[in-house]
$ cat structure_8.cif   # mmCIF, C-alpha atoms and all ligand atoms
data_run
#
loop_
_atom_site.label_atom_id
_atom_site.label_comp_id
_atom_site.auth_asym_id
_atom_site.auth_seq_id
_atom_site.Cartn_x
_atom_site.Cartn_y
_atom_site.Cartn_z
CA MET A 857 7.86 -46.37 -3.82
CA ALA A 858 5.63 -49.39 -4.41
CA PHE A 859 6.70 -52.52 -2.55
CA VAL A 860 7.57 -55.35 -4.92
CA ASN A 861 8.02 -59.02 -4.15
CA TYR A 862 9.80 -60.40 -7.20
CA ALA A 863 9.58 -63.99 -5.94
CA THR A 864 5.80 -64.05 -5.63
CA LYS A 865 5.24 -61.42 -8.33
CA ASN A 866 3.17 -59.17 -6.12
CA LEU A 867 3.36 -55.44 -5.90
CA ALA A 868 1.70 -53.07 -3.47
CA ILE A 869 0.78 -49.50 -4.34
CA LYS A 870 0.30 -47.37 -1.25
CA VAL A 871 -2.37 -44.68 -1.44
CA VAL A 872 -2.80 -42.38 1.55
CA TYR A 873 -6.10 -40.59 2.19
CA TYR A 874 -5.06 -37.36 3.86
CA GLY A 875 -7.17 -34.47 5.10
CA PRO A 876 -8.47 -32.63 8.14
CA GLY A 877 -10.28 -34.32 11.01
CA LEU A 878 -13.77 -35.61 10.16
CA SER A 879 -13.48 -34.79 6.44
CA GLY A 880 -14.59 -38.33 5.56
CA LYS A 881 -11.41 -40.33 4.94
CA THR A 882 -12.49 -43.39 6.90
CA THR A 883 -15.94 -43.14 5.29
CA ASN A 884 -14.28 -43.53 1.85
CA LEU A 885 -12.51 -46.71 2.92
CA ARG A 886 -15.59 -48.10 4.59
CA PHE A 887 -17.64 -47.61 1.43
CA ILE A 888 -14.99 -49.33 -0.69
CA TYR A 889 -14.92 -52.19 1.79
CA TYR A 890 -18.72 -52.52 1.65
CA LYS A 891 -18.80 -52.57 -2.12
CA LEU A 892 -15.92 -54.88 -2.86
CA ASP A 893 -16.36 -58.61 -2.79
CA ALA A 894 -14.37 -60.20 0.04
CA SER A 895 -12.07 -61.91 -2.46
CA TYR A 896 -10.97 -58.49 -3.72
CA ARG A 897 -10.10 -56.95 -0.42
CA GLY A 898 -8.34 -57.83 2.80
CA GLU A 899 -9.23 -57.02 6.35
CA PHE A 900 -10.17 -53.49 7.29
CA ILE A 901 -7.60 -52.71 9.94
CA CYS A 902 -8.10 -49.75 12.16
CA LEU A 903 -7.32 -48.12 15.42
CA GLU A 904 -10.04 -46.06 16.92
CA THR A 905 -10.41 -44.10 20.09
CA GLU A 906 -13.46 -44.51 22.25
CA THR A 907 -15.02 -41.65 20.26
CA GLU A 908 -14.74 -43.67 17.03
CA ARG A 909 -12.30 -41.31 15.38
CA THR A 910 -9.18 -42.65 13.73
CA PHE A 911 -6.40 -42.95 16.24
CA PHE A 912 -3.44 -44.01 14.15
CA PHE A 913 -4.65 -45.18 10.76
CA ASP A 914 -7.15 -47.29 8.82
CA LEU A 915 -5.90 -49.69 6.23
CA LEU A 916 -7.73 -51.53 3.49
CA PRO A 917 -5.83 -53.75 1.06
CA ILE A 918 -7.52 -54.39 -2.28
CA LYS A 919 -6.61 -56.41 -5.33
CA ALA A 920 -6.69 -54.86 -8.77
CA GLY A 921 -5.57 -56.87 -11.77
CA LEU A 922 -2.07 -57.08 -13.18
CA ILE A 923 0.74 -54.84 -14.29
CA GLY A 924 2.70 -57.04 -16.64
CA GLU A 925 3.09 -60.27 -14.69
CA PHE A 926 2.81 -58.58 -11.30
CA LYS A 927 -0.35 -58.83 -9.23
CA VAL A 928 -1.33 -55.34 -8.14
CA HIS A 929 -2.52 -54.65 -4.62
CA PHE A 930 -3.58 -51.23 -3.46
CA GLN A 931 -2.98 -50.46 0.19
CA LEU A 932 -5.46 -47.75 1.02
CA MET A 933 -4.59 -45.95 4.23
CA THR A 934 -6.00 -43.03 6.12
CA VAL A 935 -4.26 -40.73 8.54
CA PRO A 936 -5.84 -39.35 11.69
CA GLY A 937 -6.96 -35.81 10.91
CA GLN A 938 -7.03 -34.48 14.45
CA ALA A 939 -4.37 -31.84 14.93
CA PHE A 940 -2.36 -33.55 17.64
CA TYR A 941 -1.59 -36.75 15.70
CA GLU A 942 1.10 -35.14 13.57
CA ALA A 943 3.61 -37.96 14.23
CA SER A 944 1.14 -40.62 13.05
CA ARG A 945 0.32 -38.61 9.93
CA LYS A 946 3.98 -38.43 9.11
CA SER A 947 4.55 -42.20 9.58
CA VAL A 948 1.68 -43.17 7.34
CA LEU A 949 3.00 -41.01 4.49
CA LYS A 950 6.29 -42.88 4.37
CA GLY A 951 6.63 -44.68 1.06
CA ALA A 952 3.33 -43.37 -0.32
CA ASP A 953 2.81 -43.83 -4.07
CA GLY A 954 -0.19 -41.55 -4.21
CA ILE A 955 -2.21 -39.19 -2.06
CA VAL A 956 -5.92 -38.44 -2.00
CA PHE A 957 -6.58 -35.16 -0.22
CA VAL A 958 -10.07 -35.39 1.26
CA ALA A 959 -11.27 -31.84 1.92
CA ASP A 960 -14.36 -30.95 3.94
CA SER A 961 -16.56 -28.68 1.80
CA GLN A 962 -18.28 -26.87 4.67
CA ILE A 963 -17.55 -23.13 4.59
CA PRO A 964 -16.40 -22.79 8.24
CA LEU A 965 -13.81 -25.49 7.59
CA LEU A 966 -11.90 -23.69 4.85
CA ASP A 967 -8.99 -22.78 7.14
CA ALA A 968 -8.84 -26.29 8.57
CA ASN A 969 -8.47 -27.64 5.01
CA LEU A 970 -5.75 -25.16 4.13
CA GLU A 971 -3.81 -25.74 7.36
CA ASN A 972 -4.01 -29.48 6.92
CA PHE A 973 -2.77 -29.20 3.35
CA ASP A 974 0.20 -27.11 4.56
CA GLY A 975 0.90 -29.88 7.07
CA LEU A 976 0.82 -32.40 4.23
CA ARG A 977 3.39 -30.34 2.34
CA ARG A 978 5.66 -30.20 5.41
CA ASN A 979 5.35 -33.92 6.14
CA CYS A 980 6.03 -34.80 2.52
CA LEU A 981 9.22 -32.77 2.58
CA GLU A 982 10.41 -34.74 5.60
CA HIS A 983 9.97 -37.99 3.67
CA ASN A 984 11.57 -36.53 0.55
CA ILE A 985 8.24 -36.69 -1.22
CA ASP A 986 7.76 -33.85 -3.70
CA LEU A 987 4.13 -32.83 -3.58
CA ASN A 988 4.54 -31.46 -7.10
CA GLN A 989 5.60 -34.88 -8.36
CA ILE A 990 3.68 -37.50 -6.41
CA PRO A 991 0.29 -38.55 -7.84
CA LEU A 992 -2.29 -36.41 -6.06
CA VAL A 993 -6.07 -36.25 -6.36
CA PHE A 994 -8.44 -33.92 -4.54
CA GLN A 995 -11.77 -35.04 -3.20
CA TYR A 996 -14.12 -32.22 -2.21
CA ASN A 997 -16.34 -34.15 0.16
CA LYS A 998 -19.69 -33.58 1.87
CA ARG A 999 -21.26 -31.97 -1.21
CA ASP A 1000 -24.63 -33.25 0.09
CA LEU A 1001 -24.61 -30.52 2.76
CA ASN A 1002 -25.52 -26.80 2.48
CA TYR A 1003 -23.25 -23.72 2.64
CA LEU A 1004 -20.42 -25.21 0.67
CA ILE A 1005 -17.04 -23.90 -0.39
CA PRO A 1006 -17.33 -23.48 -4.19
CA VAL A 1007 -15.29 -25.95 -6.20
CA GLU A 1008 -13.57 -23.04 -7.94
CA THR A 1009 -12.40 -21.62 -4.60
CA PHE A 1010 -11.04 -25.03 -3.59
CA ASN A 1011 -9.24 -25.37 -6.89
CA ASN A 1012 -7.76 -21.88 -6.69
CA LEU A 1013 -6.49 -22.36 -3.16
CA LEU A 1014 -5.50 -26.04 -3.08
CA ASN A 1015 -5.22 -27.13 -6.65
CA PRO A 1016 -3.73 -24.42 -8.86
CA ARG A 1017 -2.28 -27.11 -11.14
CA ARG A 1018 -5.80 -28.45 -11.74
CA LEU A 1019 -4.98 -32.00 -10.83
CA PRO A 1020 -7.94 -34.38 -10.90
CA PHE A 1021 -10.63 -33.37 -8.41
CA VAL A 1022 -13.83 -35.16 -7.51
CA GLU A 1023 -16.94 -33.73 -5.87
CA ALA A 1024 -18.10 -36.35 -3.40
CA ALA A 1025 -20.63 -37.27 -0.78
CA ALA A 1026 -18.71 -40.21 0.59
CA ILE A 1027 -21.40 -40.93 3.13
CA ASN A 1028 -23.66 -41.95 0.22
CA GLY A 1029 -20.81 -43.43 -1.79
CA VAL A 1030 -20.94 -40.58 -4.31
CA GLY A 1031 -17.53 -40.00 -5.88
CA VAL A 1032 -15.76 -42.67 -3.81
CA PHE A 1033 -14.90 -45.08 -6.62
CA GLU A 1034 -14.35 -42.19 -9.01
CA THR A 1035 -11.67 -40.86 -6.64
CA LEU A 1036 -10.11 -44.30 -6.36
CA ARG A 1037 -10.04 -44.62 -10.14
CA GLU A 1038 -8.46 -41.18 -10.55
CA ILE A 1039 -5.66 -41.95 -8.12
CA SER A 1040 -5.10 -45.37 -9.70
CA LYS A 1041 -4.88 -43.75 -13.14
CA LEU A 1042 -2.10 -41.53 -11.83
CA THR A 1043 -0.22 -44.09 -9.71
CA VAL A 1044 -0.28 -47.12 -11.98
CA PRO A 1045 1.75 -45.60 -14.84
CA VAL A 1046 4.34 -44.21 -12.39
CA VAL A 1047 4.70 -47.54 -10.60
CA ARG A 1048 4.81 -49.36 -13.92
CA GLU A 1049 7.57 -47.08 -15.11
CA LYS A 1050 9.55 -47.59 -11.91
CA ILE A 1051 9.07 -51.34 -11.61
CA LEU A 1052 9.02 -52.40 -15.22
CA GLY A 1053 10.97 -49.49 -16.64
CA GLU A 1054 13.19 -51.51 -18.84
CA LYS A 1055 10.39 -53.83 -19.87
CA ARG A 1056 7.97 -51.07 -20.65
CA ARG A 1057 8.23 -51.30 -24.39
CA GLU A 1058 7.28 -54.98 -24.29
CA ILE A 1059 4.25 -54.43 -22.07
CA LYS A 1060 1.95 -52.21 -24.03
CA LYS A 1061 -0.96 -52.37 -21.66
CA ALA A 1062 -2.08 -53.81 -18.36
CA GLU A 1063 -3.60 -57.25 -18.61
CA PHE A 1064 -6.34 -58.46 -16.34
CA VAL A 1065 -7.02 -61.95 -15.11
CA GLU A 1066 -10.55 -61.48 -13.90
CA GLU A 1067 -13.67 -62.15 -15.97
CA LEU A 1068 -15.40 -58.81 -16.33
CA PRO A 1069 -18.88 -57.67 -17.25
CA GLU A 1070 -19.07 -56.23 -20.76
CA GLU A 1071 -19.51 -52.62 -19.76
CA ILE A 1072 -16.44 -52.73 -17.52
CA ALA A 1073 -14.42 -54.28 -20.31
CA GLU A 1074 -15.60 -51.53 -22.64
CA ARG A 1075 -14.69 -48.76 -20.23
CA ARG A 1076 -11.32 -50.38 -19.71
CA GLU A 1077 -10.78 -50.36 -23.44
CA ARG A 1078 -11.25 -46.59 -23.35
CA ALA A 1079 -8.90 -45.99 -20.42
CA ARG A 1080 -6.10 -48.47 -20.55
CA GLU A 1081 -4.15 -47.12 -17.60
CA ASP A 1082 -7.24 -47.42 -15.47
CA VAL A 1083 -7.13 -50.31 -13.01
CA GLU A 1084 -10.63 -51.56 -12.44
CA PHE A 1085 -12.30 -52.24 -9.12
CA ILE A 1086 -15.11 -54.73 -9.16
CA SER A 1087 -18.21 -53.66 -7.22
CA PRO A 1088 -20.76 -56.42 -6.76
CA ALA A 1089 -24.36 -55.57 -5.90
CA GLN A 1090 -24.15 -57.45 -2.60
CA ALA A 1091 -22.61 -55.48 0.23
CA SER A 1092 -20.25 -57.37 2.51
CA PRO A 1093 -20.75 -57.37 6.28
CA PHE A 1094 -18.45 -54.85 7.91
CA GLN A 1095 -15.72 -56.17 10.15
CA VAL A 1096 -12.90 -54.17 11.61
CA THR A 1097 -9.67 -55.64 12.90
CA LYS A 1098 -8.36 -53.45 15.65
CA ILE A 1099 -4.70 -53.47 16.55
CA LYS A 1100 -3.48 -51.85 19.71
CA MET A 1101 -0.08 -50.22 19.69
CA LYS A 1102 1.95 -48.61 22.38
CA SER A 1103 4.55 -46.52 20.65
CA GLN A 1104 5.31 -44.66 17.47
CA LYS A 1105 8.09 -47.18 16.75
CA GLU A 1106 5.60 -50.03 17.04
CA ILE A 1107 3.26 -48.31 14.57
CA GLU A 1108 6.03 -47.89 12.05
CA THR A 1109 7.09 -51.55 12.32
CA GLU A 1110 3.49 -52.68 11.93
CA LEU A 1111 2.94 -50.41 8.92
CA ASP A 1112 6.00 -51.88 7.23
CA LYS A 1113 4.91 -55.43 7.97
CA ILE A 1114 1.35 -54.92 6.77
CA SER A 1115 2.39 -53.32 3.51
CA LYS A 1116 4.62 -56.29 2.71
CA GLU A 1117 1.99 -58.90 3.46
CA PHE A 1118 -0.38 -57.55 0.79
CA GLY A 1119 -3.31 -58.51 2.98
CA THR A 1120 -5.46 -60.09 0.28
CA LYS A 1121 -5.99 -63.77 -0.22
CA GLY A 1122 -6.21 -65.79 -3.37
CA LYS A 1123 -4.45 -65.59 -6.71
N1 LIG A 1201 -23.02 -35.20 5.36
C1 LIG A 1201 -21.92 -35.92 5.15
N2 LIG A 1201 -21.26 -36.46 6.17
C2 LIG A 1201 -20.16 -37.19 5.91
C3 LIG A 1201 -19.67 -37.40 4.59
N3 LIG A 1201 -18.56 -38.16 4.65
C4 LIG A 1201 -18.35 -38.42 5.96
N4 LIG A 1201 -19.30 -37.85 6.72
C5 LIG A 1201 -19.45 -37.90 8.18
O1 LIG A 1201 -18.40 -37.17 8.77
C6 LIG A 1201 -18.00 -37.79 9.99
C7 LIG A 1201 -16.51 -38.07 9.94
O2 LIG A 1201 -16.25 -39.04 8.96
P1 LIG A 1201 -14.92 -39.94 9.01
O3 LIG A 1201 -14.88 -40.72 7.75
O4 LIG A 1201 -14.82 -40.68 10.28
O5 LIG A 1201 -13.82 -38.79 8.99
P2 LIG A 1201 -12.24 -38.92 9.02
O6 LIG A 1201 -11.72 -38.01 7.98
O7 LIG A 1201 -11.82 -40.35 8.91
O8 LIG A 1201 -11.91 -38.33 10.47
P3 LIG A 1201 -10.57 -38.56 11.36
O9 LIG A 1201 -10.26 -40.02 11.36
O10 LIG A 1201 -10.90 -38.05 12.70
O11 LIG A 1201 -9.49 -37.75 10.73
C8 LIG A 1201 -18.84 -39.04 10.14
O12 LIG A 1201 -19.93 -38.74 10.99
C9 LIG A 1201 -19.32 -39.32 8.72
O13 LIG A 1201 -20.54 -40.00 8.69
C10 LIG A 1201 -20.42 -36.82 3.51
O14 LIG A 1201 -20.10 -36.94 2.32
N5 LIG A 1201 -21.52 -36.06 3.85
MG MG A 1202 -10.76 -41.58 10.14
#
$ encode --input "structure_8.cif" --output "structure tokens"
Amino acid sequence: MAFVNYATKNLAIKVVYYGPGLSGKTTNLRFIYYKLDASYRGEFICLETETERTFFFDLLPIKAGLIGEFKVHFQLMTVPGQAFYEASRKSVLKGADGIVFVADSQIPLLDANLENFDGLRRNCLEHNIDLNQIPLVFQYNKRDLNYLIPVETFNNLLNPRRLPFVEAAAINGVGVFETLREISKLTVPVVREKILGEKRREIKKAEFVEELPEEIAERRERAREDVEFISPAQASPFQVTKIKMKSQKEIETELDKISKEFGTKGK
């Protein structure tokens, strides 16, 4: 459930990037960080082992317009894919509003994808999240490589309901923003319904405070539920804030705190 601060009129939508180890979850967040102007995103927070793989989670807060009078913040989080971090994966899922399942398209990794997805189902159950209800988008990543699992196979095995799926090469930024847009299209209406349920009839569409280039405004006109993410031509320098934690309890407290701070400056 999105976190809402009624006093400051901020709301945070939590999107978890889930998937097997090395499928490219952190790469997605890094690309978004690079492309977004600093005023639209907060610090990239992450915990890494000495081998550079995600230890507990990565978090990137970004700002994205308004729902009614509420300022929308997306908290993008990744889970560590390595098998033995099951407890961390479970903590990060708590309170998720949407899930992006980042699958690795390489043929030898088919089982790893399926096992990880089963784990997702189990962990969701423990948080009373119904995987058939929560907004879910599939990203079939690493399409730049050879010997790939066909999209149809992925869809048959992981996505029989034919939820939105995106073919991506996150390392080159291909499909990264498309995935983010798909998950925002699914989460925003649900959050709007939950938060502004009774006001829904008054608020016919999301309003946006930012000045936008014409083509973005046009696209927005076509897809009203679509929250837009501004991508300037200039990449921002990459900075990671690392937080060290000792226990699972500490991680959970920190996760709670971070998601209530919104993490982005300005308006
Ligand atoms: N060829 C190719 N490599 C990719 C792509 N996306 C990510 N990678 C590479 O895959 C490796 C793992 O990427 P990460 O983003 O760290 O993977 P992760 O899912 O966060 O991994 P964990 O945190 O361990 O679960 C890195 O070397 C990336 O550069 C892609 O689209 N194509
Ligand atoms: Mg990672």
$ residues_near_ligand --input "structure_8.cif" --ligand "ligand MG 1202 (chain A)" --cutoff "7 Å" --atoms "all atoms listed in the file" --output "list in words"
Leu878, Gly880, Lys881, Thr882, Arg909, Thr910, Asp914, Thr934, Val935, Pro936 and Gly937 of chain A
$ closest_residue --input "structure_8.cif" --among "A:Tyr890, A:Phe900, A:Tyr941, A:Tyr1003" --to "Asn1028 in chain A" --atoms "all atoms listed in the file"
A:Tyr890
$ closest_residue --input "structure_8.cif" --among "A:Ile963, A:Leu1042, A:Val860, A:Leu976" --to "Asn997 in chain A" --atoms "all atoms listed in the file"
A:Ile963
$ closest_residue --input "structure_8.cif" --among "A:Val871, A:Ala1024, A:Ile1039, A:Leu949" --to "ligand LIG 1201 (chain A)" --atoms "all atoms listed in the file"
A:Ala1024
$ atom_distance --input "structure_8.cif" --atom1 "CA of Val1047 in chain A" --atom2 "CA of Ala858 in chain A"
6.5 Å
$ atom_distance --input "structure_8.cif" --atom1 "atom C6 of ligand LIG 1201 (chain A)" --atom2 "CA of Ser879 in chain A"
6.5 Å
